[in-house]
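Undergrad: Okay, so here is run-v4.txt, and as you'll see once you scroll down, it has compact mmCIF, C-alpha atoms and all ligand atoms.
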```txt
# COMPACT_ATOMS: atom_id res chain seq x y z
CA MET A 1 0.00 0.00 0.00
CA HIS A 2 2.30 2.76 -1.25
CA GLU A 3 -0.83 4.92 -1.51
CA TYR A 4 -0.15 6.02 2.09
CA SER A 5 3.28 7.28 1.19
CA ILE A 6 1.82 9.05 -1.84
CA VAL A 7 -0.84 10.71 0.31
CA SER A 8 1.71 11.89 2.85
CA ALA A 9 3.83 13.41 0.06
CA LEU A 10 0.66 15.03 -1.31
CA LEU A 11 -0.37 16.48 2.05
CA ALA A 12 3.13 17.81 2.71
CA ARG A 13 3.14 19.55 -0.69
CA VAL A 14 -0.37 21.00 -0.25
CA GLU A 15 0.36 22.23 3.29
CA ALA A 16 3.54 23.94 2.12
CA GLU A 17 1.54 25.66 -0.63
CA ALA A 18 -1.18 26.67 1.84
CA ARG A 19 1.34 28.10 4.31
CA ALA A 20 3.11 30.03 1.56
CA HIS A 21 -0.20 31.73 0.78
CA GLY A 22 -1.22 32.21 4.40
CA ALA A 23 -4.28 29.99 3.91
CA LEU A 24 -6.52 29.03 6.81
CA ARG A 25 -7.92 25.90 5.23
CA VAL A 26 -7.75 23.93 2.04
CA HIS A 27 -11.06 23.58 0.26
CA ARG A 28 -10.29 21.23 -2.60
CA ILE A 29 -7.35 19.32 -4.07
CA ARG A 30 -7.28 18.08 -7.64
CA VAL A 31 -4.90 15.31 -8.66
CA GLN A 32 -4.35 13.40 -11.91
CA ILE A 33 -3.83 9.67 -11.64
CA GLY A 34 -2.87 7.70 -14.75
CA GLU A 35 -4.20 4.24 -15.49
CA LEU A 36 -0.61 2.90 -15.61
CA SER A 37 0.73 4.94 -12.70
CA GLY A 38 0.52 2.07 -10.23
CA VAL A 39 -1.81 4.06 -7.98
CA GLU A 40 -5.31 2.76 -7.24
CA LYS A 41 -8.02 5.40 -6.96
CA GLU A 42 -9.90 3.62 -4.15
CA LEU A 43 -6.74 3.00 -2.12
CA LEU A 44 -5.69 6.60 -2.57
CA GLU A 45 -9.11 7.77 -1.37
CA SER A 46 -9.06 5.63 1.73
CA ALA A 47 -5.47 6.60 2.54
CA TYR A 48 -6.51 10.25 2.16
CA GLU A 49 -9.48 9.81 4.51
CA LEU A 50 -7.16 8.62 7.26
CA ALA A 51 -4.28 11.00 6.67
CA ARG A 52 -6.13 14.30 6.30
CA GLU A 53 -7.30 14.41 9.93
CA ARG A 54 -5.89 17.32 11.89
CA THR A 55 -4.24 18.88 8.86
CA LEU A 56 -5.17 21.98 6.86
CA CYS A 57 -6.84 19.51 4.49
CA GLU A 58 -9.18 18.09 7.12
CA GLU A 59 -12.23 19.37 5.22
CA ALA A 60 -10.76 19.41 1.74
CA GLU A 61 -12.35 17.41 -1.03
CA LEU A 62 -9.94 15.22 -3.01
CA GLU A 63 -10.85 15.25 -6.68
CA ILE A 64 -9.16 12.46 -8.64
CA VAL A 65 -9.02 12.90 -12.40
CA ALA A 66 -8.34 9.53 -14.02
CA VAL A 67 -6.14 9.56 -17.12
CA GLU A 68 -6.49 6.64 -19.53
CA ALA A 69 -3.39 4.96 -20.90
CA ARG A 70 -2.62 5.97 -24.47
CA TRP A 71 0.20 4.35 -26.46
CA ALA A 72 1.59 5.94 -29.59
CA CYS A 73 4.35 5.32 -32.10
CA ARG A 74 7.52 7.29 -31.46
CA SER A 75 8.03 8.07 -35.14
CA CYS A 76 4.65 8.57 -36.76
CA GLU A 77 2.72 9.23 -33.55
CA CYS A 78 -0.15 7.02 -34.67
CA GLU A 79 -2.01 5.36 -31.82
CA VAL A 80 -1.25 1.78 -30.81
CA PRO A 81 -4.41 0.41 -29.16
CA LYS A 82 -4.30 -0.71 -25.54
CA GLY A 83 -3.86 -4.44 -25.22
CA ALA A 84 -2.23 -4.76 -28.64
CA VAL A 85 1.41 -5.66 -29.23
CA LEU A 86 3.28 -2.43 -28.40
CA ARG A 87 4.79 -1.90 -31.82
CA CYS A 88 3.76 0.45 -34.58
CA PRO A 89 2.28 -1.64 -37.42
CA ILE A 90 3.48 0.96 -39.97
CA CYS A 91 7.01 1.88 -38.81
CA ASP A 92 7.70 -1.34 -36.87
CA ARG A 93 9.13 0.72 -34.00
CA PRO A 94 8.30 0.37 -30.29
CA ALA A 95 5.35 2.36 -28.99
CA THR A 96 5.72 4.78 -26.12
CA LEU A 97 3.26 5.71 -23.40
CA ALA A 98 1.92 9.13 -24.44
CA GLU A 99 -0.36 9.47 -21.40
CA GLY A 100 -1.40 7.44 -18.43
CA ASP A 101 1.47 7.38 -15.91
CA GLU A 102 0.57 10.64 -14.15
CA ILE A 103 0.72 11.03 -10.36
CA ILE A 104 0.29 14.79 -10.38
CA LEU A 105 -0.96 17.50 -8.05
CA GLU A 106 -2.89 19.75 -10.42
CA ARG A 107 -4.53 22.39 -8.36
CA VAL A 108 -5.29 23.47 -4.79
CA GLU A 109 -8.15 25.71 -3.74
CA MET A 110 -7.61 27.34 -0.39
CA GLU A 111 -9.27 29.86 1.87
CA VAL A 112 -7.06 32.89 2.23
CA PRO A 113 -8.08 35.70 4.60
CA ASP A 114 -8.61 39.14 3.01
CA VAL A 115 -5.61 41.39 3.16
CA MET B 1 -15.91 33.38 -5.47
CA CYS B 2 -15.44 29.67 -5.64
CA GLU B 3 -16.39 28.85 -9.20
CA THR B 4 -16.19 25.08 -8.85
CA CYS B 5 -18.77 24.44 -6.16
CA GLY B 6 -20.50 27.81 -6.03
CA CYS B 7 -20.41 27.87 -2.22
CA GLY B 8 -20.23 31.62 -2.32
CA ASP B 9 -17.10 31.90 -0.25
CA PRO B 10 -15.40 35.09 -1.36
CA ASP B 11 -11.88 34.17 -0.26
CA LEU B 12 -11.20 30.98 -2.20
CA VAL B 13 -7.91 31.14 -4.03
CA PRO B 14 -7.13 28.52 -6.69
CA ILE B 15 -3.45 27.70 -7.16
CA GLU B 16 -2.31 25.75 -10.21
CA VAL B 17 0.55 23.47 -9.15
CA HIS B 18 1.08 20.87 -11.94
CA GLU B 19 3.79 19.00 -10.10
CA ALA B 20 4.59 15.32 -9.62
CA ILE B 21 3.43 14.25 -6.17
CA LEU B 22 6.56 12.14 -5.83
CA SER B 23 8.85 15.01 -6.87
CA GLU B 24 10.80 14.60 -3.62
CA ASN B 25 11.58 10.99 -4.53
CA GLU B 26 12.45 12.06 -8.08
CA ARG B 27 14.96 14.55 -6.68
CA GLY B 28 16.45 11.83 -4.48
CA ALA B 29 16.68 9.45 -7.43
CA ARG B 30 18.46 12.08 -9.54
CA HIS B 31 20.91 12.61 -6.71
CA ASN B 32 21.60 8.86 -6.40
CA ARG B 33 22.01 8.60 -10.18
CA GLU B 34 24.66 11.33 -10.06
CA HIS B 35 26.61 9.35 -7.46
CA PHE B 36 26.34 6.17 -9.54
CA THR B 37 27.36 7.83 -12.81
CA GLU B 38 30.26 9.61 -11.16
CA GLN B 39 31.58 6.37 -9.69
CA ARG B 40 30.93 4.46 -12.92
CA VAL B 41 28.93 1.76 -11.18
CA LEU B 42 26.05 0.10 -13.04
CA VAL B 43 23.07 -0.06 -10.70
CA VAL B 44 20.39 -2.70 -11.24
CA ASN B 45 16.96 -2.45 -9.60
CA LEU B 46 15.87 -6.10 -9.38
CA MET B 47 12.14 -6.50 -8.82
CA GLY B 48 9.62 -9.33 -8.87
CA SER B 49 7.05 -11.23 -6.80
CA PRO B 50 7.99 -12.75 -3.45
CA GLY B 51 9.90 -15.94 -4.14
CA SER B 52 10.37 -15.31 -7.87
CA GLY B 53 14.06 -16.14 -7.47
CA LYS B 54 15.70 -12.70 -7.14
CA THR B 55 18.24 -13.69 -4.49
CA ALA B 56 18.97 -16.98 -6.27
CA ILE B 57 19.79 -15.07 -9.48
CA LEU B 58 22.19 -12.84 -7.60
CA GLU B 59 23.84 -15.87 -6.00
CA ALA B 60 24.33 -17.37 -9.46
CA THR B 61 25.61 -14.02 -10.76
CA ALA B 62 28.18 -13.87 -7.95
CA GLY B 63 29.38 -17.34 -8.93
CA ALA B 64 29.65 -16.45 -12.61
CA LEU B 65 31.48 -13.16 -12.02
CA ALA B 66 33.74 -14.28 -9.18
CA GLY B 67 37.26 -12.89 -9.71
CA LYS B 68 36.12 -10.96 -12.81
CA ARG B 69 33.89 -8.17 -11.54
CA ARG B 70 33.40 -6.47 -8.22
CA LEU B 71 29.83 -6.52 -6.95
CA SER B 72 27.83 -5.23 -4.04
CA ALA B 73 24.16 -5.56 -3.14
CA MET B 74 21.38 -4.08 -1.08
CA SER B 75 18.22 -5.97 -0.35
CA GLY B 76 14.92 -4.56 0.75
CA ASP B 77 13.34 -6.86 3.23
CA LEU B 78 10.20 -6.36 5.31
CA ALA B 79 11.47 -8.11 8.40
CA THR B 80 14.66 -10.15 8.10
CA ASP B 81 18.30 -9.97 7.02
CA ASN B 82 18.08 -13.34 5.26
CA ASP B 83 18.74 -12.17 1.74
CA ALA B 84 21.72 -9.98 2.66
CA ASN B 85 23.15 -12.92 4.63
CA ARG B 86 22.68 -15.26 1.64
CA LEU B 87 24.40 -12.76 -0.65
CA GLU B 88 27.30 -12.26 1.77
CA ALA B 89 27.70 -16.02 1.87
CA ALA B 90 27.80 -16.00 -1.94
CA GLY B 91 30.65 -13.46 -1.78
CA ILE B 92 28.78 -10.19 -2.44
CA PRO B 93 29.26 -7.45 0.16
CA SER B 94 25.64 -6.77 1.10
CA ARG B 95 23.42 -4.77 3.34
CA SER B 96 19.77 -5.21 4.09
CA ILE B 97 17.32 -2.35 4.18
CA THR B 98 14.55 -3.29 6.55
CA THR B 99 11.45 -1.53 5.30
CA GLY B 100 9.08 -2.57 8.10
CA SER B 101 5.62 -2.39 6.56
CA ALA B 102 6.68 -0.46 3.46
CA CYS B 103 6.05 -2.40 0.29
CA HIS B 104 8.87 -0.84 -1.73
CA LEU B 105 12.25 0.85 -1.54
CA ASP B 106 12.54 4.55 -2.28
CA ALA B 107 15.42 6.81 -3.26
CA LYS B 108 16.03 8.00 0.28
CA LEU B 109 16.29 4.47 1.71
CA VAL B 110 18.78 3.58 -1.02
CA HIS B 111 20.85 6.71 -0.34
CA GLU B 112 21.00 5.87 3.37
CA GLY B 113 21.92 2.29 2.50
CA LEU B 114 24.92 3.50 0.48
CA HIS B 115 26.62 4.82 3.58
CA ASP B 116 27.84 1.54 4.95
CA LEU B 117 28.28 -0.45 1.78
CA PRO B 118 31.57 -0.47 -0.16
CA TRP B 119 29.73 0.19 -3.42
CA ARG B 120 32.17 2.80 -4.78
CA GLN B 121 34.89 0.25 -5.47
CA THR B 122 32.60 -1.95 -7.56
CA ASP B 123 31.42 -2.45 -11.12
CA PHE B 124 27.82 -3.47 -10.34
CA LEU B 125 25.46 -2.62 -7.49
CA PHE B 126 22.37 -4.80 -7.31
CA ILE B 127 19.36 -3.52 -5.43
CA GLU B 128 17.02 -6.40 -4.65
CA ASN B 129 13.70 -4.66 -4.15
CA VAL B 130 10.91 -5.84 -1.85
CA GLY B 131 9.09 -8.85 -3.31
CA ASN B 132 6.03 -7.18 -4.85
CA LEU B 133 4.80 -6.80 -8.46
CA VAL B 134 3.17 -3.39 -7.98
CA CYS B 135 4.65 -0.86 -5.59
CA PRO B 136 8.39 -0.95 -6.42
CA ALA B 137 7.57 0.08 -10.00
CA VAL B 138 6.31 3.45 -8.76
CA TYR B 139 9.58 4.59 -7.16
CA ASP B 140 12.69 5.55 -9.10
CA LEU B 141 15.80 4.70 -7.08
CA GLY B 142 18.38 6.19 -9.43
CA GLN B 143 19.13 2.82 -11.07
CA ALA B 144 20.48 2.46 -14.60
CA VAL B 145 18.23 -0.50 -15.40
CA ASN B 146 15.10 -2.22 -14.12
CA VAL B 147 15.10 -6.01 -14.20
CA VAL B 148 12.03 -8.07 -13.30
CA ALA B 149 12.32 -11.69 -12.20
CA LEU B 150 9.22 -13.64 -13.26
CA SER B 151 9.19 -17.35 -12.45
CA VAL B 152 7.58 -19.95 -14.70
CA THR B 153 5.33 -21.05 -11.82
CA GLU B 154 3.69 -17.65 -11.30
CA GLY B 155 1.09 -17.97 -14.03
CA GLU B 156 1.29 -16.94 -17.68
CA ASP B 157 -1.11 -14.04 -17.18
CA LYS B 158 1.16 -12.04 -14.88
CA PRO B 159 2.39 -9.54 -17.52
CA LEU B 160 -1.20 -8.61 -18.39
CA LYS B 161 -2.22 -8.46 -14.73
CA TYR B 162 0.70 -6.23 -13.68
CA PRO B 163 1.27 -3.94 -16.67
CA VAL B 164 2.75 -1.14 -14.56
CA MET B 165 5.70 -3.27 -13.49
CA PHE B 166 6.38 -4.76 -16.91
CA ARG B 167 6.17 -1.39 -18.68
CA LYS B 168 9.08 -0.23 -16.51
CA ALA B 169 11.19 -3.34 -17.14
CA ASP B 170 14.31 -3.14 -19.31
CA LEU B 171 14.67 -6.90 -19.00
CA VAL B 172 12.53 -9.78 -17.77
CA LEU B 173 14.38 -12.76 -16.40
CA LEU B 174 12.09 -15.74 -16.82
CA THR B 175 13.32 -17.75 -13.85
CA LYS B 176 13.23 -21.40 -12.74
CA VAL B 177 13.10 -22.69 -16.33
CA ASP B 178 14.60 -25.97 -15.03
CA LEU B 179 11.05 -26.65 -13.78
CA LEU B 180 9.45 -26.43 -17.25
CA PRO B 181 9.65 -30.19 -17.95
CA HIS B 182 7.44 -30.70 -14.88
CA LEU B 183 4.95 -28.05 -15.99
CA PRO B 184 3.48 -29.26 -19.31
CA GLN B 185 0.61 -26.77 -18.98
CA VAL B 186 2.90 -23.72 -18.90
CA ASP B 187 3.34 -22.22 -22.35
CA VAL B 188 6.29 -19.81 -22.51
CA ALA B 189 4.88 -18.36 -25.74
CA VAL B 190 1.86 -17.10 -23.78
CA ILE B 191 4.15 -15.30 -21.31
CA GLU B 192 6.11 -13.78 -24.20
CA ASP B 193 2.90 -12.63 -25.86
CA GLY B 194 1.78 -10.94 -22.63
CA LEU B 195 5.13 -9.18 -22.40
CA ALA B 196 4.88 -7.94 -25.99
CA ARG B 197 1.61 -6.22 -24.98
CA THR B 198 2.97 -4.57 -21.83
CA MET B 199 6.67 -3.99 -22.48
CA PRO B 200 7.43 -1.57 -25.33
CA GLU B 201 10.80 -3.19 -26.05
CA PRO B 202 10.49 -6.75 -24.82
CA ALA B 203 13.75 -8.33 -23.69
CA ILE B 204 13.48 -11.74 -22.07
CA ILE B 205 16.15 -14.16 -20.92
CA GLN B 206 15.25 -17.62 -19.66
CA VAL B 207 17.37 -18.59 -16.68
CA SER B 208 17.76 -21.21 -14.01
CA ALA B 209 19.72 -20.60 -10.83
CA ILE B 210 19.71 -24.36 -10.24
CA ASN B 211 21.37 -25.63 -13.43
CA GLY B 212 22.90 -22.35 -14.61
CA GLU B 213 20.97 -22.19 -17.86
CA GLY B 214 20.92 -18.68 -19.35
CA ILE B 215 23.22 -17.16 -16.73
CA ASP B 216 25.85 -16.50 -19.42
CA ARG B 217 23.28 -14.57 -21.51
CA TRP B 218 22.26 -12.58 -18.44
CA ILE B 219 25.89 -11.67 -17.72
CA GLU B 220 26.34 -10.68 -21.36
CA TRP B 221 23.27 -8.41 -21.11
CA LEU B 222 24.66 -6.80 -17.93
CA GLU B 223 28.07 -6.21 -19.50
CA GLY B 224 26.40 -4.66 -22.56
CA LYS B 225 24.42 -2.26 -20.35
CA ARG B 226 27.56 -1.36 -18.44
CA VAL B 227 29.45 -0.50 -21.63
CA ALA B 228 26.48 1.55 -22.88
CA ALA B 229 26.17 3.43 -19.56
CA LEU B 230 29.88 4.17 -19.40
CA SER B 231 29.98 5.53 -22.94
CA GLU B 232 27.00 7.80 -22.19
CA ALA B 233 28.45 9.08 -18.93
CA PRO B 234 29.70 12.65 -19.06
CA THR B 235 33.48 12.86 -18.92
CA GLU B 236 33.82 16.23 -17.20
CA GLU B 237 33.79 16.35 -13.39
CA ARG B 238 30.47 17.24 -11.83
CA ALA B 239 30.38 20.19 -9.48
CA GLU B 240 27.82 18.93 -6.99
CA ALA B 241 27.11 15.49 -5.59
N1 LIG C 1 13.84 -25.01 -9.32
C1 LIG C 1 14.30 -23.78 -9.08
N2 LIG C 1 14.05 -23.20 -7.91
C2 LIG C 1 14.51 -21.95 -7.70
C3 LIG C 1 15.27 -21.26 -8.68
N3 LIG C 1 15.58 -20.04 -8.19
C4 LIG C 1 15.05 -19.97 -6.95
N4 LIG C 1 14.41 -21.13 -6.64
C5 LIG C 1 13.73 -21.43 -5.38
O1 LIG C 1 12.66 -20.49 -5.22
C6 LIG C 1 12.54 -20.10 -3.84
C7 LIG C 1 12.66 -18.60 -3.73
O2 LIG C 1 13.92 -18.17 -4.19
P1 LIG C 1 14.57 -16.80 -3.71
O3 LIG C 1 15.83 -16.61 -4.46
O4 LIG C 1 14.62 -16.72 -2.24
O5 LIG C 1 13.45 -15.79 -4.24
P2 LIG C 1 13.33 -14.22 -3.96
O6 LIG C 1 12.64 -13.64 -5.14
O7 LIG C 1 14.65 -13.65 -3.59
O8 LIG C 1 12.36 -14.18 -2.70
P3 LIG C 1 12.00 -12.92 -1.75
O9 LIG C 1 13.25 -12.09 -1.61
O10 LIG C 1 11.58 -13.53 -0.47
O11 LIG C 1 10.90 -12.19 -2.44
C8 LIG C 1 13.65 -20.86 -3.09
O12 LIG C 1 13.09 -22.01 -2.53
C9 LIG C 1 14.64 -21.20 -4.19
O13 LIG C 1 15.38 -22.37 -3.91
C10 LIG C 1 15.53 -21.93 -9.92
O14 LIG C 1 16.16 -21.42 -10.84
N5 LIG C 1 15.02 -23.19 -10.07
MG MG C 2 15.16 -12.48 -1.96
ZN ZN C 3 2.27 -0.41 -2.14
ZN ZN C 4 4.67 4.56 -36.57
ZN ZN C 5 24.47 11.84 -1.64
```
Please go through the file and, once you have read it, give me the structure as structure tokens.
Ligand SMILES: Nc1nc2c(ncn2[C@@H]2O[C@H](COP(=O)(O)OP(=O)(O)OP(=O)(O)O)[C@@H](O)[C@H]2O)c(=O)[nH]1
Ligand SMILES: [Mg+2]
Ligand SMILES: [Zn+2]
Ligand SMILES: [Zn+2]
Ligand SMILES: [Zn+2]

TA:
Amino acid sequence: MHEYSIVSALLARVEAEARAHGALRVHRIRVQIGELSGVEKELLESAYELARERTLCEEAELEIVAVEARWACRSCECEVPKGAVLRCPICDRPATLAEGDEIILERVEMEVPDV
Amino acid sequence: MCETCGCGDPDLVPIEVHEAILSENERGARHNREHFTEQRVLVVNLMGSPGSGKTAILEATAGALAGKRRLSAMSGDLATDNDANRLEAAGIPSRSITTGSACHLDAKLVHEGLHDLPWRQTDFLFIENVGNLVCPAVYDLGQAVNVVALSVTEGEDKPLKYPVMFRKADLVLLTKVDLLPHLPQVDVAVIEDGLARTMPEPAIIQVSAINGEGIDRWIEWLEGKRVAALSEAPTEERAEA
């Protein structure tokens, strides 16, 4: 369950961002999780539920944007369908993962007192 | 005004971050990689299921390279020092990294592990990761190559079931092939087909730690990677380490 270590890295990053902006609370966190990232959405959610207690994220909603895996040829960029042999049928070169390995903190919405 | 949920709170500030959540580990891995490149040591991250034969491969490697190459090893172990003890007995200076409940090694654990291992004077450093087909694939350690040990008894569907691990593999060692005569139902072609659908550049070597089959090809692969890494390494001295 590396999802716990991912959540603690996430919370540390979000808290640092919140402090830098003098935020009182975090309202919402948006992350991108790729299909081939090795991170399970449900495990990430349950790890987050446990870890957010008594942090600035205690009441923050975690929005997980799932990114589907997309394989493409390195030369001609044509798509190689998921589940197929990972080789371009035209160029006979290996495909590369164009999208789908993201473990990314996209955006944080926080409550900042008026200055 | 919060435009996403319309809660009417006037003080909501959205900050776009766009940063890898594991950026701290990525920094650590880059730092380790600098050490390894500078010392001209080829570092192998050896992964695979529990019991897939990772330690046995390293024991056979030690035998094959004895007197020819200098090796050292680190092994990630949840609870024991067994693997490091086995590797020491096989002649590889080794250290175990006890991870407790953690299912994988990370760059920081590897960096700490370097401190009391004589890895600088070697040609190859093997990092035997925690036996697990998922989590280790997520963490870069600073290695030059990822090798996955997959035994013939694990089931032919493993590449398709664990695509994250096999996508990251530079080489799959199909282990325990001495058992194939006893396993008429296991079709190696099915395993190879699964790998072709998960590994962009499939490289597979069939090996047995028991009868030594394929160990020479594995050593040849390692030596090839070492030559390639050394020729890519920058020649000028690096300022920071
Ligand atoms: N027949 C056969 N058995 C093997 C071979 N390699 C390993 N084994 C056996 O498989 C079992 C596990 O081998 P290990 O080398 O400990 O596997 P491991 O992947 O290091 O295991 P963990 O570190 O605990 O995950 C042992 O009983 C070995 O004797 C092989 O090539 N042939
Ligand atoms: Mg072992
Ligand atoms: Zn895990
Ligand atoms: Zn193409
Ligand atoms: Zn260092």

Undergrad: Taking all atoms listed in the file into account, what are the residues of chain A at most 8 Å from chain B, put as a ChimeraX atom specification?

TA: /A:1-2,6,9-10,13,27,36-38,83-87,94-96,102-114

Undergrad: Atom CA of B:Ile57 and atom O2 of ligand LIG 1 (chain C), how far apart in Å?

TA: 8.5 Å

Undergrad: Counting only C-alpha atoms and all ligand atoms, which residues of chain B sit at most 7 Å from some atom of ligand MG 2 (chain C), and what is each one's closest atom pair with its distance in Å to one decimal, listed by chain and rising residue number, as CSV?

TA:
```
residue,atom,partner,partner_atom,distance
B:Gly51,CA,C:MG2,MG,6.7
B:Gly53,CA,C:MG2,MG,6.7
B:Lys54,CA,C:MG2,MG,5.2
B:Thr55,CA,C:MG2,MG,4.2
B:Asp83,CA,C:MG2,MG,5.2
B:Glu128,CA,C:MG2,MG,6.9
```

Undergrad: Only C-alpha atoms, please: the residues just picked out, written as a tab-separated table (two decimals), keeping the file's coordinate frame.

TA:
```
chain	number	residue	atom	x	y	z
B	51	GLY	CA	9.90	-15.94	-4.14
B	53	GLY	CA	14.06	-16.14	-7.47
B	54	LYS	CA	15.70	-12.70	-7.14
B	55	THR	CA	18.24	-13.69	-4.49
B	83	ASP	CA	18.74	-12.17	1.74
B	128	GLU	CA	17.02	-6.40	-4.65
```

Undergrad: Around ligand ZN 4 (chain C), which protein and nucleic acid residues have at least one atom no more than 9 Å from it, if we count only C-alpha atoms and all ligand atoms? List them as a count of residues only.

TA: 18

Undergrad: Can I get the residues close to ligand ZN 5 (chain C) as a ChimeraX atom specification, where close means within 12 Å and we count only C-alpha atoms and all ligand atoms?

TA: /B:27-36,38,107-115,142,240-241

Undergrad: Just the number, please: distance in Å from atom CA of B:Leu174 to atom CA of B:Phe126, one decimal.

TA: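 Spanning atom CA of B:Leu174 to atom CA of B:Phe126 is a straight-line distance of 17.8 Å.
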
Undergrad: Atom CA of B:Ile127 to atom CA of B:Val43: how many Å, to one decimal?

TA: 7.3 Å

Undergrad: Which of these, A:Val39, A:Val65, A:Ala23, A:Gly100, has the shortest distance to A:Val7 once you count only C-alpha atoms?

TA: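 Nearest candidate to A:Val7 out of A:Val39, A:Val65, A:Ala23, A:Gly100: A:Val39.
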
Undergrad: From the options B:Ile191, B:Ala64, B:Val130, B:Ile219, which residue's atoms come nearest to ligand ZN 3 (chain C), counting only C-alpha atoms and all ligand atoms?

TA: B:Val130

Undergrad: Find the spatial neighbours of A:Ala51, counting only C-alpha atoms, within a cut-off of 10 Å - ignore same-chain residues fewer than 3 positions away - and output them as a ChimeraX atom specification.

TA: /A:4,7-8,11,45-48,54-55,57-58

Undergrad: As a PyMOL selection string, please: the residues near A:Glu35 (cut-off 6 Å, all atoms listed in the file, same-chain neighbours under 6 positions excluded).

TA: chain A and resi 67-69+100

Undergrad: To check your reading of the model: which residues sit at most 10 Å from ligand LIG 1 (chain C) when counting all atoms listed in the file? Write the answer as a PyMOL selection string.

TA: chain B and resi 46-60+75-78+80+82-84+86+128-132+148-153+174-180+206-213

Undergrad: Kindly export the residues of the current selection with C-alpha atoms, as a PDB file, in the frame of the given file.

TA:
```
ATOM      1  CA  LEU B  46      15.870  -6.100  -9.380  1.00  0.00           C
ATOM      2  CA  MET B  47      12.140  -6.500  -8.820  1.00  0.00           C
ATOM      3  CA  GLY B  48       9.620  -9.330  -8.870  1.00  0.00           C
ATOM      4  CA  SER B  49       7.050 -11.230  -6.800  1.00  0.00           C
ATOM      5  CA  PRO B  50       7.990 -12.750  -3.450  1.00  0.00           C
ATOM      6  CA  GLY B  51       9.900 -15.940  -4.140  1.00  0.00           C
ATOM      7  CA  SER B  52      10.370 -15.310  -7.870  1.00  0.00           C
ATOM      8  CA  GLY B  53      14.060 -16.140  -7.470  1.00  0.00           C
ATOM      9  CA  LYS B  54      15.700 -12.700  -7.140  1.00  0.00           C
ATOM     10  CA  THR B  55      18.240 -13.690  -4.490  1.00  0.00           C
ATOM     11  CA  ALA B  56      18.970 -16.980  -6.270  1.00  0.00           C
ATOM     12  CA  ILE B  57      19.790 -15.070  -9.480  1.00  0.00           C
ATOM     13  CA  LEU B  58      22.190 -12.840  -7.600  1.00  0.00           C
ATOM     14  CA  GLU B  59      23.840 -15.870  -6.000  1.00  0.00           C
ATOM     15  CA  ALA B  60      24.330 -17.370  -9.460  1.00  0.00           C
ATOM     16  CA  SER B  75      18.220  -5.970  -0.350  1.00  0.00           C
ATOM     17  CA  GLY B  76      14.920  -4.560   0.750  1.00  0.00           C
ATOM     18  CA  ASP B  77      13.340  -6.860   3.230  1.00  0.00           C
ATOM     19  CA  LEU B  78      10.200  -6.360   5.310  1.00  0.00           C
ATOM     20  CA  THR B  80      14.660 -10.150   8.100  1.00  0.00           C
ATOM     21  CA  ASN B  82      18.080 -13.340   5.260  1.00  0.00           C
ATOM     22  CA  ASP B  83      18.740 -12.170   1.740  1.00  0.00           C
ATOM     23  CA  ALA B  84      21.720  -9.980   2.660  1.00  0.00           C
ATOM     24  CA  ARG B  86      22.680 -15.260   1.640  1.00  0.00           C
ATOM     25  CA  GLU B 128      17.020  -6.400  -4.650  1.00  0.00           C
ATOM     26  CA  ASN B 129      13.700  -4.660  -4.150  1.00  0.00           C
ATOM     27  CA  VAL B 130      10.910  -5.840  -1.850  1.00  0.00           C
ATOM     28  CA  GLY B 131       9.090  -8.850  -3.310  1.00  0.00           C
ATOM     29  CA  ASN B 132       6.030  -7.180  -4.850  1.00  0.00           C
ATOM     30  CA  VAL B 148      12.030  -8.070 -13.300  1.00  0.00           C
ATOM     31  CA  ALA B 149      12.320 -11.690 -12.200  1.00  0.00           C
ATOM     32  CA  LEU B 150       9.220 -13.640 -13.260  1.00  0.00           C
ATOM     33  CA  SER B 151       9.190 -17.350 -12.450  1.00  0.00           C
ATOM     34  CA  VAL B 152       7.580 -19.950 -14.700  1.00  0.00           C
ATOM     35  CA  THR B 153       5.330 -21.050 -11.820  1.00  0.00           C
ATOM     36  CA  LEU B 174      12.090 -15.740 -16.820  1.00  0.00           C
ATOM     37  CA  THR B 175      13.320 -17.750 -13.850  1.00  0.00           C
ATOM     38  CA  LYS B 176      13.230 -21.400 -12.740  1.00  0.00           C
ATOM     39  CA  VAL B 177      13.100 -22.690 -16.330  1.00  0.00           C
ATOM     40  CA  ASP B 178      14.600 -25.970 -15.030  1.00  0.00           C
ATOM     41  CA  LEU B 179      11.050 -26.650 -13.780  1.00  0.00           C
ATOM     42  CA  LEU B 180       9.450 -26.430 -17.250  1.00  0.00           C
ATOM     43  CA  GLN B 206      15.250 -17.620 -19.660  1.00  0.00           C
ATOM     44  CA  VAL B 207      17.370 -18.590 -16.680  1.00  0.00           C
ATOM     45  CA  SER B 208      17.760 -21.210 -14.010  1.00  0.00           C
ATOM     46  CA  ALA B 209      19.720 -20.600 -10.830  1.00  0.00           C
ATOM     47  CA  ILE B 210      19.710 -24.360 -10.240  1.00  0.00           C
ATOM     48  CA  ASN B 211      21.370 -25.630 -13.430  1.00  0.00           C
ATOM     49  CA  GLY B 212      22.900 -22.350 -14.610  1.00  0.00           C
ATOM     50  CA  GLU B 213      20.970 -22.190 -17.860  1.00  0.00           C
TER      51      GLU B 213
END
```

Undergrad: Counting all atoms listed in the file, which of B:Leu71, B:Leu141, B:Ala66, B:Val190 gets nearest to B:Pro159?

TA: B:Val190

Undergrad: With all atoms listed in the file as the atoms that count, which of A:Leu56, A:Leu50, A:Leu97, A:Glu61 lies nearest to A:Gly22?

TA: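 Ranked by minimum distance to A:Gly22, first place goes to A:Leu56.
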
Undergrad: Which is closer to ligand ZN 3 (chain C) than all the others in A:Arg25, A:Trp71, A:Ala12, A:Leu43, using all atoms listed in the file?

TA: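 Counting all atoms listed in the file, the residue closest to ligand ZN 3 (chain C) is A:Leu43.
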